[in-house]
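Have a look at the structure below, then the notes.
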Amino acid sequence: NGTKENFLLQSNQRFLILKDNNKVIGTTLITKKNDPIKGISSFFLDYVCIKEEYRHIGLGKRIFEEIEKIAKDEKVNKIELTSNKNRKDAINLYLKQGMKIKDTNYFEKNI
């Protein structure tokens with residue numbers, strides 16, 4: 001039975017921490033993005049991480065429930081994230097939370 005903490009970083013960021021007896025067992029970084037052209041806002045999850053020994057007991061679902069609660073309170077339209085296609089457990093968690101896989105290209109440039 002973990003407890004959760006919610007820290008505000010920058011004005012558009014939150015860091016959620018899930019703890020068990022003061023031991024960090026899960027985290028996620030949420031960045032709020034606003035698209036003035038489309039008139040929508042979204043939460044981008046930079047990562048969702050739960051310690052391996054705490055997986056498959058519903059904590060991922062709890063984190064997503066908290067994210068959705070915050071999103072509704074802030075009138076956010078959608079939740080987005082990226083995930084490596086080899087992270088099967090993570091992908092299953094996201095799909096169980098109602099997320100859809102979108103066909104997209106990911107670009108990066110090292111500077």
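Residues in the structure tokens are numbered from 1 in each chain, the chains being A, B, ... in the order shown, and ligands are numbered from 1 in the order shown.
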Hey, what does DSSP flag as strand (DSSP E or B) within chain A? Can you give it to me as number ranges by chain? A: 3-8, 13-20, 23-35, 40-50, 78-81
Excluding A:Ser42 and any residue of its chain fewer than 6 positions from it, enumerate the residues within 9 Å of it, using only C-alpha atoms, and give them as a VMD selection string. chain A and resid 31 to 35 71 76 to 80
Export of prior selection with N, CA and C atoms as an mmCIF file, in the first residue's frame:
data_model
loop_
_atom_site.group_PDB
_atom_site.id
_atom_site.type_symbol
_atom_site.label_atom_id
_atom_site.label_comp_id
_atom_site.auth_asym_id
_atom_site.auth_seq_id
_atom_site.Cartn_x
_atom_site.Cartn_y
_atom_site.Cartn_z
ATOM 1 N N THR A 31 4.906 16.613 -17.984
ATOM 2 C CA THR A 31 5.084 17.952 -18.528
ATOM 3 C C THR A 31 3.803 18.358 -19.241
ATOM 4 N N LYS A 32 3.247 19.493 -18.855
ATOM 5 C CA LYS A 32 2.022 19.987 -19.495
ATOM 6 C C LYS A 32 2.413 20.818 -20.712
ATOM 7 N N LYS A 33 1.795 20.473 -21.849
ATOM 8 C CA LYS A 33 2.044 21.197 -23.097
ATOM 9 C C LYS A 33 0.733 21.808 -23.574
ATOM 10 N N ASN A 34 0.814 23.031 -24.056
ATOM 11 C CA ASN A 34 -0.359 23.705 -24.606
ATOM 12 C C ASN A 34 -0.134 23.949 -26.086
ATOM 13 N N ASP A 35 -1.131 23.628 -26.888
ATOM 14 C CA ASP A 35 -1.069 23.858 -28.331
ATOM 15 C C ASP A 35 -2.095 24.940 -28.669
ATOM 16 N N ALA A 71 -5.162 15.637 -14.576
ATOM 17 C CA ALA A 71 -5.492 16.109 -15.921
ATOM 18 C C ALA A 71 -6.913 16.684 -15.956
ATOM 19 N N VAL A 76 -6.986 19.185 -18.954
ATOM 20 C CA VAL A 76 -6.059 18.684 -19.966
ATOM 21 C C VAL A 76 -6.813 17.710 -20.858
ATOM 22 N N ASN A 77 -6.592 17.802 -22.176
ATOM 23 C CA ASN A 77 -7.346 17.024 -23.156
ATOM 24 C C ASN A 77 -6.820 15.615 -23.389
ATOM 25 N N LYS A 78 -5.507 15.400 -23.243
ATOM 26 C CA LYS A 78 -4.966 14.072 -23.521
ATOM 27 C C LYS A 78 -3.654 13.840 -22.793
ATOM 28 N N ILE A 79 -3.307 12.562 -22.726
ATOM 29 C CA ILE A 79 -2.053 12.121 -22.113
ATOM 30 C C ILE A 79 -1.232 11.451 -23.210
ATOM 31 N N GLU A 80 0.051 11.790 -23.292
ATOM 32 C CA GLU A 80 0.937 11.255 -24.319
ATOM 33 C C GLU A 80 2.208 10.704 -23.673
#
Secondary structure check, alpha helix (DSSP H) residues of chain A, as a list in words: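 Secondary structure check on chain A, alpha helix (DSSP H): Leu59, Gly60, Lys61, Arg62, Ile63, Phe64, Glu65, Glu66, Ile67, Glu68, Lys69, Ile70, Ala71, Lys72, Asp73, Lys88, Asp89, Ala90, Ile91, Asn92, Leu93, Tyr94, Leu95 and Lys96 of chain A.
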Pairwise distance for atom CA of A:Ile25 and atom CA of A:Tyr47, rounded to one decimal in Å: 13.7 Å
Shortest interatomic distance to A:Gly26 - which of A:Lys38, A:Arg14, A:Glu53, A:Phe43, counting only C-alpha atoms: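 For A:Gly26, the nearest of the candidates is A:Glu53.
Among the candidates A:Leu93, A:Leu29, A:Ile17, A:Ile63, the one nearest to A:Asp46 when counting only C-alpha atoms is A:Leu29.
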For A:Lys19, which residue among A:Ile67, A:Ile111, A:Ile57, A:Ile50 is the nearest when counting only C-alpha atoms? A:Ile50
Within 10 Å of A:Gln97, counting only C-alpha atoms, which residues show up once you throw out same-chain ones fewer than 6 positions away? Write them as a list in words, please.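 Using only C-alpha atoms, the neighbours found are Gly60, Lys61, Phe64, Glu65 and Ile91 of chain A.
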A:Ile30 surroundings by only C-alpha atoms, 6 Å radius, close-in-sequence under 2 positions cut, as a PyMOL selection string: chain A and resi 13-14+44-45
